[in-house]
$ cat entry_20.txt   # compact mmCIF, C-alpha atoms and all ligand atoms
# COMPACT_ATOMS: atom_id res chain seq x y z
CA MET A 29 -20.31 47.84 49.48
CA THR A 30 -22.61 47.40 52.47
CA ASP A 31 -22.13 44.43 54.78
CA ARG A 32 -25.26 42.85 53.37
CA ASN A 33 -24.01 43.25 49.79
CA ALA A 34 -20.60 41.90 50.76
CA THR A 35 -22.29 38.84 52.25
CA ALA A 36 -24.37 38.38 49.10
CA ALA A 37 -21.27 38.63 46.87
CA LYS A 38 -19.45 36.07 49.01
CA ALA A 39 -22.43 33.74 48.85
CA SER A 40 -22.62 34.01 45.08
CA ASN A 41 -18.90 33.19 44.77
CA GLU A 42 -19.48 30.10 46.85
CA ASP A 43 -22.31 29.19 44.50
CA LEU A 44 -19.70 28.84 41.76
CA ARG A 45 -18.04 26.01 43.65
CA PRO A 46 -16.97 23.02 41.55
CA LEU A 47 -19.53 20.44 40.57
CA GLU A 48 -17.60 17.49 42.00
CA GLY A 49 -18.74 16.11 45.30
CA LEU A 50 -17.44 16.51 48.84
CA SER A 51 -16.16 13.76 51.08
CA ARG A 52 -18.61 12.57 53.71
CA PRO A 53 -17.40 12.94 57.32
CA ALA A 54 -17.03 9.50 58.92
CA ASP A 55 -19.12 10.49 61.94
CA ALA A 56 -21.85 12.22 59.91
CA GLN A 57 -24.74 10.05 61.10
CA GLU A 58 -23.90 10.40 64.81
CA ARG A 59 -23.43 14.16 64.51
CA ILE A 60 -26.76 14.65 62.75
CA ALA A 61 -28.54 12.45 65.29
CA GLY A 62 -27.02 14.52 68.13
CA ALA A 63 -28.19 17.73 66.47
CA VAL A 64 -31.73 16.37 66.04
CA ARG A 65 -31.80 15.40 69.72
CA THR A 66 -30.81 19.00 70.56
CA ILE A 67 -33.63 20.37 68.37
CA LEU A 68 -36.17 18.11 70.06
CA GLU A 69 -35.00 19.26 73.48
CA ALA A 70 -34.99 22.90 72.34
CA ILE A 71 -38.66 22.75 71.30
CA GLY A 72 -39.50 21.35 74.74
CA GLU A 73 -39.97 17.73 73.66
CA ASN A 74 -38.59 14.70 75.44
CA PRO A 75 -36.32 12.81 73.01
CA GLU A 76 -36.47 9.78 75.31
CA ARG A 77 -40.22 9.25 75.05
CA GLU A 78 -41.20 6.16 73.13
CA GLY A 79 -42.33 7.81 69.89
CA LEU A 80 -39.20 9.95 69.63
CA HIS A 81 -36.66 7.47 70.89
CA ASP A 82 -35.44 6.37 67.45
CA THR A 83 -36.20 9.65 65.69
CA PRO A 84 -32.70 11.20 65.82
CA GLN A 85 -31.18 8.14 64.14
CA ARG A 86 -34.02 7.95 61.60
CA VAL A 87 -33.66 11.62 60.73
CA ALA A 88 -29.89 11.24 60.45
CA LYS A 89 -30.28 8.38 57.97
CA MET A 90 -32.89 10.41 56.09
CA TYR A 91 -30.57 13.43 55.79
CA LEU A 92 -27.72 11.29 54.54
CA GLU A 93 -30.08 9.87 51.92
CA VAL A 94 -31.56 13.18 50.75
CA PHE A 95 -28.09 14.75 50.62
CA GLU A 96 -26.26 11.80 49.05
CA GLY A 97 -25.71 13.85 45.88
CA LEU A 98 -23.10 15.83 47.85
CA TYR A 99 -20.79 12.85 47.70
CA GLU A 100 -20.79 12.21 43.97
CA ASP A 101 -19.86 14.03 40.80
CA PRO A 102 -23.09 13.73 38.80
CA ARG A 103 -21.16 14.49 35.62
CA ASP A 104 -19.82 10.93 35.76
CA HIS A 105 -23.20 9.63 34.54
CA LEU A 106 -22.79 11.50 31.28
CA LYS A 107 -19.63 9.56 30.45
CA THR A 108 -21.88 6.81 29.07
CA GLN A 109 -21.90 7.93 25.46
CA PHE A 110 -22.92 6.55 22.09
CA SER A 111 -22.39 7.86 18.64
CA ALA A 112 -25.16 8.22 16.07
CA ASP A 113 -23.80 10.12 13.11
CA GLN A 114 -27.15 10.14 11.35
CA HIS A 115 -29.01 11.94 14.16
CA HIS A 116 -28.78 15.71 13.88
CA GLY A 117 -31.91 16.75 15.79
CA ALA A 118 -32.62 17.66 19.38
CA VAL A 119 -33.02 15.13 22.17
CA ILE A 120 -35.49 16.06 24.90
CA VAL A 121 -36.20 14.23 28.15
CA LYS A 122 -39.08 15.89 29.92
CA ASP A 123 -40.91 15.44 33.20
CA ILE A 124 -37.93 14.21 35.21
CA HIS A 125 -39.46 14.22 38.70
CA PHE A 126 -37.06 15.14 41.49
CA HIS A 127 -36.93 16.04 45.15
CA SER A 128 -34.44 18.45 46.60
CA MET A 129 -33.95 20.48 49.79
CA CYS A 130 -33.95 24.26 49.81
CA GLU A 131 -30.69 25.43 51.34
CA HIS A 132 -32.29 28.34 53.18
CA HIS A 133 -34.77 26.35 55.25
CA LEU A 134 -33.83 22.70 54.65
CA LEU A 135 -37.39 22.05 53.53
CA PRO A 136 -38.29 19.94 50.49
CA VAL A 137 -38.54 21.26 46.98
CA HIS A 138 -40.21 18.97 44.46
CA GLY A 139 -40.90 19.30 40.81
CA LYS A 140 -40.01 18.37 37.28
CA ALA A 141 -36.94 19.04 35.18
CA HIS A 142 -36.83 19.04 31.41
CA VAL A 143 -33.47 18.63 29.72
CA ALA A 144 -32.92 19.12 25.99
CA TYR A 145 -29.74 19.11 23.97
CA LEU A 146 -28.56 19.28 20.40
CA PRO A 147 -25.86 16.63 19.99
CA ALA A 148 -22.53 17.68 18.54
CA GLY A 149 -20.80 15.25 16.18
CA GLY A 150 -23.49 12.61 16.79
CA ARG A 151 -22.41 12.33 20.45
CA LEU A 152 -25.32 11.06 22.57
CA THR A 153 -25.68 10.00 26.18
CA GLY A 154 -28.10 7.50 27.70
CA LEU A 155 -31.56 8.95 28.34
CA SER A 156 -31.62 7.77 31.94
CA LYS A 157 -28.33 9.56 32.51
CA LEU A 158 -30.04 12.93 32.14
CA ALA A 159 -32.39 11.98 34.98
CA ARG A 160 -29.43 10.73 37.03
CA VAL A 161 -27.64 14.06 36.62
CA VAL A 162 -30.74 15.96 37.80
CA GLU A 163 -31.07 13.58 40.75
CA GLY A 164 -27.39 13.91 41.69
CA PHE A 165 -27.46 17.69 41.85
CA ALA A 166 -30.94 17.77 43.42
CA ARG A 167 -29.79 15.66 46.37
CA ARG A 168 -27.85 18.55 47.86
CA PRO A 169 -28.86 21.66 49.80
CA GLN A 170 -29.90 23.68 46.77
CA LEU A 171 -31.16 26.83 45.14
CA GLN A 172 -33.41 26.12 42.18
CA GLU A 173 -31.37 28.48 40.01
CA ARG A 174 -28.12 26.72 40.91
CA LEU A 175 -29.64 23.30 40.24
CA THR A 176 -30.67 24.52 36.78
CA ASP A 177 -27.20 25.91 36.04
CA GLN A 178 -25.38 22.84 37.33
CA VAL A 179 -27.33 20.47 35.10
CA ALA A 180 -26.58 22.66 32.06
CA GLN A 181 -22.92 23.00 33.06
CA ALA A 182 -22.54 19.24 33.48
CA MET A 183 -23.95 18.72 29.99
CA GLU A 184 -21.50 21.23 28.54
CA ASP A 185 -18.52 19.84 30.47
CA VAL A 186 -18.96 16.19 29.51
CA LEU A 187 -21.13 15.98 26.39
CA ALA A 188 -20.19 19.31 24.80
CA PRO A 189 -23.43 19.54 22.79
CA GLU A 190 -24.14 22.27 20.23
CA ALA A 191 -26.85 23.56 22.56
CA VAL A 192 -28.53 22.70 25.85
CA LEU A 193 -31.73 23.88 27.52
CA VAL A 194 -32.74 23.08 31.08
CA VAL A 195 -36.15 24.04 32.49
CA ILE A 196 -37.15 23.30 36.06
CA GLU A 197 -40.63 23.75 37.55
CA ALA A 198 -40.85 23.22 41.28
CA GLU A 199 -42.85 23.87 44.41
CA HIS A 200 -40.94 24.99 47.49
CA MET A 201 -42.32 23.78 50.80
CA CYS A 202 -40.73 26.82 52.46
CA MET A 203 -43.25 28.92 50.55
CA SER A 204 -46.16 26.51 51.12
CA MET A 205 -46.08 25.40 54.73
CA ARG A 206 -44.44 28.38 56.45
CA GLY A 207 -43.51 32.03 55.88
CA VAL A 208 -45.70 33.43 53.12
CA ARG A 209 -47.87 30.22 53.15
CA SER A 210 -48.58 30.25 49.46
CA PRO A 211 -49.29 26.60 48.57
CA GLY A 212 -49.43 25.65 44.91
CA SER A 213 -47.19 28.39 43.58
CA THR A 214 -44.60 27.07 41.17
CA THR A 215 -41.17 28.52 40.40
CA VAL A 216 -39.90 28.07 36.85
CA THR A 217 -36.22 28.49 36.01
CA MET A 218 -34.62 28.13 32.60
CA ILE A 219 -31.13 28.23 31.18
CA ALA A 220 -30.10 27.98 27.53
CA ARG A 221 -26.49 27.47 26.50
CA GLY A 222 -24.71 27.13 23.17
CA THR A 223 -26.60 28.01 19.99
CA TRP A 224 -29.98 28.05 21.77
CA LYS A 225 -28.79 30.92 23.94
CA HIS A 226 -29.12 33.36 21.03
CA ASP A 227 -31.30 31.45 18.55
CA HIS A 228 -34.69 32.62 19.75
CA ALA A 229 -36.69 30.60 17.16
CA ALA A 230 -34.92 27.32 17.99
CA ARG A 231 -35.38 27.93 21.71
CA MET A 232 -39.09 28.62 21.26
CA GLU A 233 -39.44 25.40 19.25
CA ILE A 234 -37.90 23.35 22.07
CA LEU A 235 -40.01 25.15 24.68
CA SER A 236 -43.18 24.42 22.72
CA LEU A 237 -42.22 20.73 22.61
CA LEU A 238 -41.78 20.83 26.39
CA ARG A 239 -45.31 22.16 26.76
CA SER A 240 -46.94 19.64 24.40
N1 LIG A 301 -33.99 32.51 44.51
C1 LIG A 301 -34.33 31.50 45.31
N2 LIG A 301 -34.86 31.76 46.52
C2 LIG A 301 -35.21 30.71 47.29
C3 LIG A 301 -35.06 29.38 46.92
N3 LIG A 301 -35.51 28.59 47.93
C4 LIG A 301 -35.94 29.44 48.89
N4 LIG A 301 -35.77 30.72 48.51
C5 LIG A 301 -36.08 32.00 49.16
O1 LIG A 301 -35.04 32.39 50.02
C6 LIG A 301 -35.50 33.54 50.72
C7 LIG A 301 -34.83 33.64 52.08
O2 LIG A 301 -35.25 34.88 52.59
P1 LIG A 301 -35.00 35.37 54.10
O3 LIG A 301 -35.71 36.67 54.28
O4 LIG A 301 -33.54 35.30 54.38
O5 LIG A 301 -35.67 34.19 54.96
P2 LIG A 301 -37.13 34.11 55.59
O6 LIG A 301 -37.32 35.17 56.62
O7 LIG A 301 -37.32 32.72 56.06
O8 LIG A 301 -38.05 34.46 54.31
P3 LIG A 301 -39.59 34.13 54.05
O9 LIG A 301 -39.63 32.81 53.31
O10 LIG A 301 -40.07 35.27 53.18
O11 LIG A 301 -40.30 34.05 55.37
C8 LIG A 301 -37.01 33.40 50.74
O12 LIG A 301 -37.56 34.45 49.96
C9 LIG A 301 -37.28 32.04 50.05
O13 LIG A 301 -38.49 32.03 49.31
C10 LIG A 301 -34.49 29.13 45.64
O14 LIG A 301 -34.29 27.99 45.20
N5 LIG A 301 -34.14 30.21 44.88
ZN ZN A 302 -36.54 27.70 51.60
$ encode --input "entry_20.txt" --output "structure tokens" --more "lines below"
Ligand SMILES: Nc1nc2c(ncn2[C@@H]2O[C@H](COP(=O)(O)OP(=O)(O)OP(=O)(O)O)[C@@H](O)[C@H]2O)c(=O)[nH]1
Ligand SMILES: [Zn+2]
Amino acid sequence: MTDRNATAAKASNEDLRPLEGLSRPADAQERIAGAVRTILEAIGENPEREGLHDTPQRVAKMYLEVFEGLYEDPRDHLKTQFSADQHHGAVIVKDIHFHSMCEHHLLPVHGKAHVAYLPAGGRLTGLSKLARVVEGFARRPQLQERLTDQVAQAMEDVLAPEAVLVVIEAEHMCMSMRGVRSPGSTTVTMIARGTWKHDHAARMEILSLLRS
């Protein structure tokens, strides 16, 4: 294995880390603010000038807000459950708008998630909880593929549905405003678990409902 492959394998093992959150360092805000001050100095700016004076603290608060999903276990939201024995069909919540941060460049990723599941034993969760799960995992340094997997895994772990499908469409600012500078391109990721993984017809039916 080359060094580069070894690094890639290590990174992908880390990607399998548990879904539960981390604990937030007590001095997080001060440390981020200090780092932002260093960046401003490094680009030749004067962090003491009037317009930048409060920027390190503002940016620190902003980072703690956009990464607040690191400090929760989004699966907890799915513990709100109801039973509806008479409902045997799919439940689909589409167009869940989210913002995330790409872990390679720490630039925003924004888009829509669609979450569908086939309840097992009439076990349902609250509709808003699906959006809360997306939000919880999105508010971390992320890869779109991992975000997609984590939402599906959370559904399987807590709700144990017969099937689950997660589709995410997003625009990555790291592709729009820098690097390849390709604004408007959208990345679509999809994961199907349970019976929809192999039942092509059922999966196509759900996907066509997502498009309608
Ligand atoms: N698969 C995947 N790639 C992502 C995601 N977010 C950003 N990337 C990509 O991560 C890659 C990092 O590539 P590198 O060559 O290490 O970094 P870079 O020189 O900044 O790459 P460029 O963006 O091509 O300029 C880029 O191709 C990004 O488009 C994501 O959610 N999933
Ligand atoms: Zn990126």
$ closest_residue --input "entry_20.txt" --among "A:Leu47, A:Ala112, A:Leu193, A:Leu235" --to "Gly164 of chain A" --atoms "only C-alpha atoms"
A:Leu47
$ residues_near_ligand --input "entry_20.txt" --ligand "ligand LIG 301 (chain A)" --cutoff "10 Å" --atoms "all atoms listed in the file" --output "number ranges by chain"
A: 128-137, 169-176, 198-209, 215, 217
$ residues_around --input "entry_20.txt" --residues "Pro102 of chain A" --least-positions-apart "2" --cutoff "10 Å" --atoms "all atoms listed in the file" --output "ChimeraX atom specification"
/A:47-49,97-100,104-107,157-158,160-166,178-179,182
$ write_last_selection --input "entry_20.txt" --atoms "C-alpha atoms" --output "PDB file, in the frame of the given file"
ATOM      1  CA  LEU A  47     -19.530  20.440  40.570  1.00  0.00           C
ATOM      2  CA  GLU A  48     -17.600  17.490  42.000  1.00  0.00           C
ATOM      3  CA  GLY A  49     -18.740  16.110  45.300  1.00  0.00           C
ATOM      4  CA  GLY A  97     -25.710  13.850  45.880  1.00  0.00           C
ATOM      5  CA  LEU A  98     -23.100  15.830  47.850  1.00  0.00           C
ATOM      6  CA  TYR A  99     -20.790  12.850  47.700  1.00  0.00           C
ATOM      7  CA  GLU A 100     -20.790  12.210  43.970  1.00  0.00           C
ATOM      8  CA  ASP A 104     -19.820  10.930  35.760  1.00  0.00           C
ATOM      9  CA  HIS A 105     -23.200   9.630  34.540  1.00  0.00           C
ATOM     10  CA  LEU A 106     -22.790  11.500  31.280  1.00  0.00           C
ATOM     11  CA  LYS A 107     -19.630   9.560  30.450  1.00  0.00           C
ATOM     12  CA  LYS A 157     -28.330   9.560  32.510  1.00  0.00           C
ATOM     13  CA  LEU A 158     -30.040  12.930  32.140  1.00  0.00           C
ATOM     14  CA  ARG A 160     -29.430  10.730  37.030  1.00  0.00           C
ATOM     15  CA  VAL A 161     -27.640  14.060  36.620  1.00  0.00           C
ATOM     16  CA  VAL A 162     -30.740  15.960  37.800  1.00  0.00           C
ATOM     17  CA  GLU A 163     -31.070  13.580  40.750  1.00  0.00           C
ATOM     18  CA  GLY A 164     -27.390  13.910  41.690  1.00  0.00           C
ATOM     19  CA  PHE A 165     -27.460  17.690  41.850  1.00  0.00           C
ATOM     20  CA  ALA A 166     -30.940  17.770  43.420  1.00  0.00           C
ATOM     21  CA  GLN A 178     -25.380  22.840  37.330  1.00  0.00           C
ATOM     22  CA  VAL A 179     -27.330  20.470  35.100  1.00  0.00           C
ATOM     23  CA  ALA A 182     -22.540  19.240  33.480  1.00  0.00           C
TER      24      ALA A 182
END
$ closest_residue --input "entry_20.txt" --among "A:Glu96, A:Leu152, A:Ile219, A:His138" --to "ligand ZN 302 (chain A)" --atoms "only C-alpha atoms and all ligand atoms"
A:His138
$ residues_around --input "entry_20.txt" --residues "Gly62 of chain A" --least-positions-apart "6" --cutoff "12 Å" --atoms "only C-alpha atoms" --output "PDB file with C-alpha atoms, in the coordinates of the input"
ATOM      1  CA  ASP A  55     -19.120  10.490  61.940  1.00  0.00           C
ATOM      2  CA  ALA A  56     -21.850  12.220  59.910  1.00  0.00           C
ATOM      3  CA  LEU A  68     -36.170  18.110  70.060  1.00  0.00           C
ATOM      4  CA  GLU A  69     -35.000  19.260  73.480  1.00  0.00           C
ATOM      5  CA  PRO A  75     -36.320  12.810  73.010  1.00  0.00           C
ATOM      6  CA  ASP A  82     -35.440   6.370  67.450  1.00  0.00           C
ATOM      7  CA  THR A  83     -36.200   9.650  65.690  1.00  0.00           C
ATOM      8  CA  PRO A  84     -32.700  11.200  65.820  1.00  0.00           C
ATOM      9  CA  GLN A  85     -31.180   8.140  64.140  1.00  0.00           C
ATOM     10  CA  ARG A  86     -34.020   7.950  61.600  1.00  0.00           C
ATOM     11  CA  VAL A  87     -33.660  11.620  60.730  1.00  0.00           C
ATOM     12  CA  ALA A  88     -29.890  11.240  60.450  1.00  0.00           C
TER      13      ALA A  88
END
$ closest_residue --input "entry_20.txt" --among "A:Gly212, A:Ala144, A:Glu197, A:His127" --to "Glu233 of chain A" --atoms "only C-alpha atoms"
A:Ala144
$ atom_distance --input "entry_20.txt" --atom1 "atom CA of Ala148 of chain A" --atom2 "atom CA of Ala191 of chain A"
8.3 Å
$ atom_distance --input "entry_20.txt" --atom1 "atom CA of Tyr91 of chain A" --atom2 "atom CA of Arg168 of chain A"
9.8 Å
$ axis_aligned_box --input "entry_20.txt" --around "segment 176-195 of chain A" --padding-each-side "5 Å" --output "lines of an AutoDock Vina configuration file"
center_x = -27.3
center_y = 20.9
center_z = 28.8
size_x = 27.6
size_y = 19.9
size_z = 27.1
